[in-house]
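Below: the structure, in structure tokens.
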Amino acid sequence: MTKTVLITGITGMVGSHLLDYLIDNTDFLVTGLVRWRSPLDNISKHVTNINSKNSRIKLFYGDLNDKKSINDLIKTTKPDYIFHLAAQSFPTFSFQAPNTTYETNILGTSNLCEAILTYSNQSIIHICSSSEVYG
């Protein structure tokens with residue numbers, strides 16, 4: 001049975017490289033969480049194969065801060081593996097907008113974890129961070 005991988009932040013730099021790796025080196029079905037305003041430039045070489053009938057790549061639009069979209073995502077995909085790469089990742093902006101950073105990075109991650117516990121408690125999750133957290 002084919003495994004399903006979910007990449008939050010699939011259109012970001014790390015997420016797009018992880019997508020490339022998984023498509024080239026596994027037979028996994030790769031699903032990705034995309035914010036409606038996120039450009040698809042980083043995954044453009046895959047765009048023609050996304051969401052087509054036989055595609056191994058499926059994109060779901062949503063936001064970590066929108067519990068319904070996260071619940072629907074996990075309920076629909078029931079991923080075996082989750083690479084949680086989505087975040088507000090700009091240190092300068094985090095000081096300018098601490099509430100937005102908190103909502104996305106802390107509450108958004110909590111929304112994802114709660115959805116996993118409710119709809120897919122067999123998922124293995126990797127929560128990524130940055131060297132920036134160490135100062």
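Identifiers in this document derive from the order of the structure tokens: chains are assigned A, B, ..., residues are numbered from 1 separately in each chain, and ligands are numbered from 1 in order of occurrence.
Summary of the local environment: counting only C-alpha atoms, residues at most 9 Å from A:Leu85, other than itself and those fewer than 6 positions away along its chain, are Ile7, Thr8, Gly9, Ile10, Gly12, Val14, Gly15, His126, Ile127, Cys128 and Ser129 of chain A.
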Task: DSSP-assigned strand (DSSP E) among stretch 16-115 of chain A, expressed as a PyMOL selection string - done: chain A and resi 29-34+57-61+81-84
Could you save those same residues with C-alpha atoms as a compact mmCIF listing (two decimals), in the first residue's frame?
```txt
# COMPACT_ATOMS: atom_id res chain seq x y z
CA LEU A 29 1.62 10.09 -2.69
CA VAL A 30 2.69 13.63 -1.77
CA THR A 31 0.09 16.07 -0.51
CA GLY A 32 0.83 19.66 0.26
CA LEU A 33 -0.78 22.47 2.21
CA VAL A 34 -0.71 25.75 0.29
CA ILE A 57 1.04 15.25 -6.08
CA LYS A 58 -2.10 16.74 -4.56
CA LEU A 59 -2.36 20.30 -3.27
CA PHE A 60 -4.87 21.47 -0.70
CA TYR A 61 -5.47 25.17 -0.07
CA TYR A 81 4.10 11.03 7.46
CA ILE A 82 3.90 14.78 7.98
CA PHE A 83 6.71 17.25 7.41
CA HIS A 84 5.53 20.44 9.11
```
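In terms of minimum interatomic distance to A:Ser69, A:Asn111 ranks closest within A:Asn99, A:Asn111, A:Gln88, A:Asn25, counting only C-alpha atoms.
Nearest-residue note for A:Asp63: choosing from A:Thr4, A:Thr104, A:Ser94, A:Gln122, the minimum distance belongs to A:Thr104, counting only C-alpha atoms.
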- [ ] Considering only C-alpha atoms, state which residue in the set A:Asp80, A:Leu64, A:Asn121, A:Pro91 is at the smallest distance from A:Asn105.
- [x] A:Leu64
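Between atom CA of A:Ser120 and atom CA of A:Lys78 there is a distance of 5.3 Å.
Every protein, DNA or RNA residue with an atom at most 10 Å from A:Ile43, where only C-alpha atoms count and chain neighbours fewer than 2 positions away do not, is listed here: Ile10, Thr11, Gly12, Met13, Gly15, Ser16, His17, Leu19, Asp20, Pro39, Leu40, Asp41, Lys45, His46, Val47 and Ile50 of chain A.
Residue nearest A:Leu107 within the list A:Asn65, A:Ser123, A:Asn71, A:Thr76: A:Asn65 [criterion: smallest interatomic distance, only C-alpha atoms].
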